[in-house]
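Taking it in order: structure first as structure tokens, then the write-up.
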Amino acid sequence: MEFRKDEVIFLLGAGASVDAGIPASCGMISKLETLLKTPSWKGFESLYNFVKSAIIYGDGIKGKFEYGNFNIERLVNTLDELRKSDEHPLFPFIGSWNPKLPEVTDNTFEKLGAFRTKIVEELSQQWVHSEYDEHSQYFEGLSRFQKRYNHPLRVFTLNYDLCVEKSCKESGVERGFGDDKYWDWKIYENEAQLENNIFLYKLHGSIDWIRDGGKLTYKDKGIPSEQIEIIFGTTYKLQYIDPFLFFAYEFRKRLMTEVQLLICVGYGFADEHINGIISQALNGDHSRKMLVISPFDPKMADETLQCIRNTLKLSCNDNITMWNLTAKEFFNDKLTVEELTTIFPKEEAPFDEITS
């Protein structure tokens with residue numbers, strides 16, 4: 001049995017890189033709270049406590065009491081909104097700021113920007129780097145699978161790290177940069193002329209991306225933290241500029257056409273834009289399947305599965321399969337064509353029968 005070209009694509013979330021020593025968004029909060037007790041960060045502790053409390057309070061008003069929903073992206077996104085001050089479109093409708101806010105910002109909103117800059121600097125220089133490259137070698141499973149799959153493999157990722165690029169060099173990873181090191185969407189349109197076998201779509205940017213005169217390029221080192229081309233938060237991820245708009249379009253196009261199996265590795269289904277695209281694809285064709293790779297409590301399997309269905313507002317109850325595995329376990333031991341074909345009943349199998 002063989003999958004045909006573009007019938008399998010991957011979506012990598014933060015959980016895919018945890019085994020490489022890169023914390024997920026909630027894990028970054030734990031690291032930040034440790035830093036806030038050190039001398040160089042101590043001046044931001046009161047501001048952090050205020051913003052965190054306000055976010056949790058807002059969730060509680062809506063009946064959401066899962067503190068795990070507070071993560072580094074929501075924090076940075078909130079800081080960005082607060083920094084707009086009287087330039088925010090809702091400012092004319094707000095009677096006054098919470099009286100505590102001027103106190104924790106020392107009566108200057110510049111402190112909000114300084115806190116954000118410090119967080120992004122720590123993320124780009126420390127948090128999204130593996131201590132050793134071999135810690136991310138399990139991503140080589142993508143290369144092994146691609147050889148057996150025998151077609152170009154499309155990998156969409158929400159992560160900023162370089163795990164896929166470093167681990168899959170053997171297959172060749174296409175990121176859309178030409179010989180001049182500038183990104184060009186047309187490179188993806190001429191894939192027949194390319195030697196690379198893994199096409200990587202970094203939906204939220206990358207720690208090695210920077211704009212040069214409005215054009216996207218990359219550098220191996222030396223990018224100031226405030227210039228790194230990454231997107232925070234769930235509200236503004238569908239950007240109107242490339243490559244973000246192009247990648248979002250590609251994700252939708254692939255899911256809505258040839259794809260029969262979407263493999264989500266370490267994705268927590270917290271991004272409304274991504275969820276909307278997945279929901280449309282799965283509801284539009286009930287023969288499509290989604291495989292979710294994530295460790296979970298076996299006693300909560302049914303509840304976890306139902307939570308995903310409810311989040312995606314799915315109209316079909318049998319097109320999601322969950323495997324209770326870490327990303328490392330999956331890439332090392334279970335990512336094979338033979339294992340994936342077990343997801344499909346024989347009468348629904350979207351692949352060709354090959355007689356050996």
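Naming works like this for the structure tokens: A, B, ... for the chains as they're shown, residue 1 at the start of each chain, ligands 1 onward in shown order.
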
message: Env of Tyr201 (chain A): 9 Å cut, atoms = only C-alpha atoms, seq-sep filter 2 positions within chain, self excluded. Answer as an MDAnalysis selection string.
response: chainID A and resid 154:158 174:176 199 203:205 243 247:248 250:251

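Using only C-alpha atoms, the nearest neighbour of Leu335 (chain A) within the list A:Asn317, A:Thr304, A:Gln146, A:Thr108 is A:Gln146.
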
query: How would you write, as a VMD selection string, the set of residues in region 129-289 of chain A that DSSP gives as strand (DSSP E)?
result: chain A and resid 153 to 157 173 to 174 198 to 202 205 to 212 215 to 218 228 to 230 261 to 265 289

With C-alpha atoms retained, export the selected residues as an mmCIF file, in the first residue's frame.
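For reference, part-v3.cif as written:
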```cif
data_model
loop_
_atom_site.group_PDB
_atom_site.id
_atom_site.type_symbol
_atom_site.label_atom_id
_atom_site.label_comp_id
_atom_site.auth_asym_id
_atom_site.auth_seq_id
_atom_site.Cartn_x
_atom_site.Cartn_y
_atom_site.Cartn_z
ATOM 1 C CA LEU A 153 6.811 15.808 2.043
ATOM 2 C CA ARG A 154 5.005 18.964 3.192
ATOM 3 C CA VAL A 155 5.603 19.966 6.795
ATOM 4 C CA PHE A 156 3.755 22.940 8.260
ATOM 5 C CA THR A 157 5.063 24.120 11.617
ATOM 6 C CA VAL A 173 14.705 21.141 3.393
ATOM 7 C CA GLU A 174 13.095 23.735 1.128
ATOM 8 C CA ILE A 198 10.931 18.235 2.473
ATOM 9 C CA PHE A 199 8.980 21.447 1.973
ATOM 10 C CA LEU A 200 8.867 23.405 5.224
ATOM 11 C CA TYR A 201 6.231 26.073 5.849
ATOM 12 C CA LYS A 202 6.965 28.074 9.011
ATOM 13 C CA GLY A 205 8.127 32.729 11.445
ATOM 14 C CA SER A 206 11.595 31.627 12.467
ATOM 15 C CA ILE A 207 14.322 32.757 14.838
ATOM 16 C CA ASP A 208 16.709 33.155 11.891
ATOM 17 C CA TRP A 209 14.414 35.390 9.794
ATOM 18 C CA ILE A 210 14.810 39.145 9.361
ATOM 19 C CA ARG A 211 13.458 41.801 6.990
ATOM 20 C CA ASP A 212 15.912 43.598 4.722
ATOM 21 C CA LYS A 215 12.182 41.581 1.830
ATOM 22 C CA LEU A 216 12.507 38.473 3.967
ATOM 23 C CA THR A 217 15.953 36.945 4.361
ATOM 24 C CA TYR A 218 17.768 34.893 6.976
ATOM 25 C CA ILE A 228 13.349 38.688 14.409
ATOM 26 C CA GLU A 229 10.450 37.905 12.087
ATOM 27 C CA ILE A 230 8.101 35.925 14.308
ATOM 28 C CA LEU A 261 -4.274 12.333 6.255
ATOM 29 C CA LEU A 262 -3.258 15.304 8.397
ATOM 30 C CA ILE A 263 -0.760 14.346 11.093
ATOM 31 C CA CYS A 264 -0.717 16.796 14.006
ATOM 32 C CA VAL A 265 2.315 16.372 16.253
ATOM 33 C CA LYS A 289 -8.502 11.636 8.578
#
```

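Across A:Phe331, A:Phe344, A:Phe232, A:Phe44, the tightest approach to Ser287 (chain A) is made by A:Phe344 when counting only C-alpha atoms.
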
message: From a backbone DSSP assignment, name each residue in region 73-117 of chain A labelled alpha helix (DSSP H), as a ChimeraX atom specification.
response: /A:73-83,100-104,110-117

- prompt: Any idea what the distance is between CA of Leu325 (chain A) and CA of Lys253 (chain A)?
  reply: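 Atom-to-atom, CA of Leu325 (chain A) and CA of Lys253 (chain A) are spaced 28.4 Å apart.
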
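Of the listed residues (A:Gly27, A:His88, A:Glu140, A:Tyr188), A:Tyr188 comes nearest to Phe246 (chain A); the distances count only C-alpha atoms.
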
task: Quote the spacing between CA of Ser30 (chain A) and CA of Val18 (chain A) in Å to one decimal place.
output: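 Here the two named atoms are 14.0 Å from each other.
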
Test item: residues at most 10 Å from Tyr267 (chain A), only C-alpha atoms, excluding those fewer than 3 positions along its chain, as a PyMOL selection string: chain A and resi 11-16+157-158+263-264+270-271+292-294

Could you write out that same residue set with C-alpha atoms as a PDB file, in the first residue's frame?
```pdb
ATOM      1  CA  LEU A  11       1.393  20.044  11.259  1.00  0.00           C
ATOM      2  CA  LEU A  12       3.917  20.527  14.065  1.00  0.00           C
ATOM      3  CA  GLY A  13       2.993  22.322  17.261  1.00  0.00           C
ATOM      4  CA  ALA A  14       5.115  23.330  20.243  1.00  0.00           C
ATOM      5  CA  GLY A  15       4.856  19.845  21.728  1.00  0.00           C
ATOM      6  CA  ALA A  16       6.834  18.448  18.806  1.00  0.00           C
ATOM      7  CA  THR A 157       5.063  24.120  11.617  1.00  0.00           C
ATOM      8  CA  LEU A 158       3.936  26.649  14.198  1.00  0.00           C
ATOM      9  CA  ILE A 263      -0.760  14.346  11.093  1.00  0.00           C
ATOM     10  CA  CYS A 264      -0.717  16.796  14.006  1.00  0.00           C
ATOM     11  CA  ALA A 270      -5.381  26.651  20.616  1.00  0.00           C
ATOM     12  CA  ASP A 271      -5.043  28.613  17.357  1.00  0.00           C
ATOM     13  CA  VAL A 292      -3.140  13.448  16.667  1.00  0.00           C
ATOM     14  CA  ILE A 293       0.202  12.643  18.300  1.00  0.00           C
ATOM     15  CA  SER A 294       0.347  13.722  21.934  1.00  0.00           C
TER      16      SER A 294
END
```

message: Residues near Gly172 (chain A), anyone? I mean within 7 Å using only C-alpha atoms, not counting same-chain ones fewer than 2 positions away, as number ranges by chain.
response: A: 168-170, 174, 196-198

Which residues, written as an mmCIF file with N, CA and C atoms, in the first residue's frame, have at least one atom at most 8 Å from region 125-132 of chain A, with only C-alpha atoms counted and residues fewer than 4 positions away on the same chain left out?
```cif
data_model
loop_
_atom_site.group_PDB
_atom_site.id
_atom_site.type_symbol
_atom_site.label_atom_id
_atom_site.label_comp_id
_atom_site.auth_asym_id
_atom_site.auth_seq_id
_atom_site.Cartn_x
_atom_site.Cartn_y
_atom_site.Cartn_z
ATOM 1 N N ALA A 20 13.217 17.851 22.436
ATOM 2 C CA ALA A 20 14.520 18.407 22.077
ATOM 3 C C ALA A 20 15.022 19.394 23.129
ATOM 4 N N GLY A 21 14.252 19.551 24.197
ATOM 5 C CA GLY A 21 14.636 20.469 25.259
ATOM 6 C C GLY A 21 14.135 21.872 25.061
ATOM 7 N N ILE A 22 13.224 22.065 24.125
ATOM 8 C CA ILE A 22 12.640 23.376 23.854
ATOM 9 C C ILE A 22 11.271 23.427 24.511
ATOM 10 N N PRO A 23 11.064 24.280 25.496
ATOM 11 C CA PRO A 23 9.794 24.281 26.226
ATOM 12 C C PRO A 23 8.626 24.752 25.360
ATOM 13 N N MET A 28 7.523 28.019 28.883
ATOM 14 C CA MET A 28 8.277 29.273 28.865
ATOM 15 C C MET A 28 7.820 30.200 29.984
ATOM 16 N N GLU A 121 13.910 38.558 23.629
ATOM 17 C CA GLU A 121 15.361 38.327 23.612
ATOM 18 C C GLU A 121 15.700 36.988 24.268
ATOM 19 N N SER A 136 17.668 16.986 19.031
ATOM 20 C CA SER A 136 16.559 17.097 18.075
ATOM 21 C C SER A 136 16.675 16.104 16.923
ATOM 22 N N TYR A 160 9.131 28.265 16.053
ATOM 23 C CA TYR A 160 10.169 29.175 15.583
ATOM 24 C C TYR A 160 11.530 28.499 15.476
ATOM 25 N N ASP A 161 11.689 27.334 16.083
ATOM 26 C CA ASP A 161 13.006 26.708 16.203
ATOM 27 C C ASP A 161 13.486 26.144 14.870
ATOM 28 N N LEU A 162 14.716 25.616 14.888
ATOM 29 C CA LEU A 162 15.356 25.109 13.671
ATOM 30 C C LEU A 162 15.530 23.588 13.698
#
```

d(CA of Gln137 (chain A), CA of Ala24 (chain A)) in Å: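 According to the coordinates, CA of Gln137 (chain A) and CA of Ala24 (chain A) are separated by 18.0 Å.
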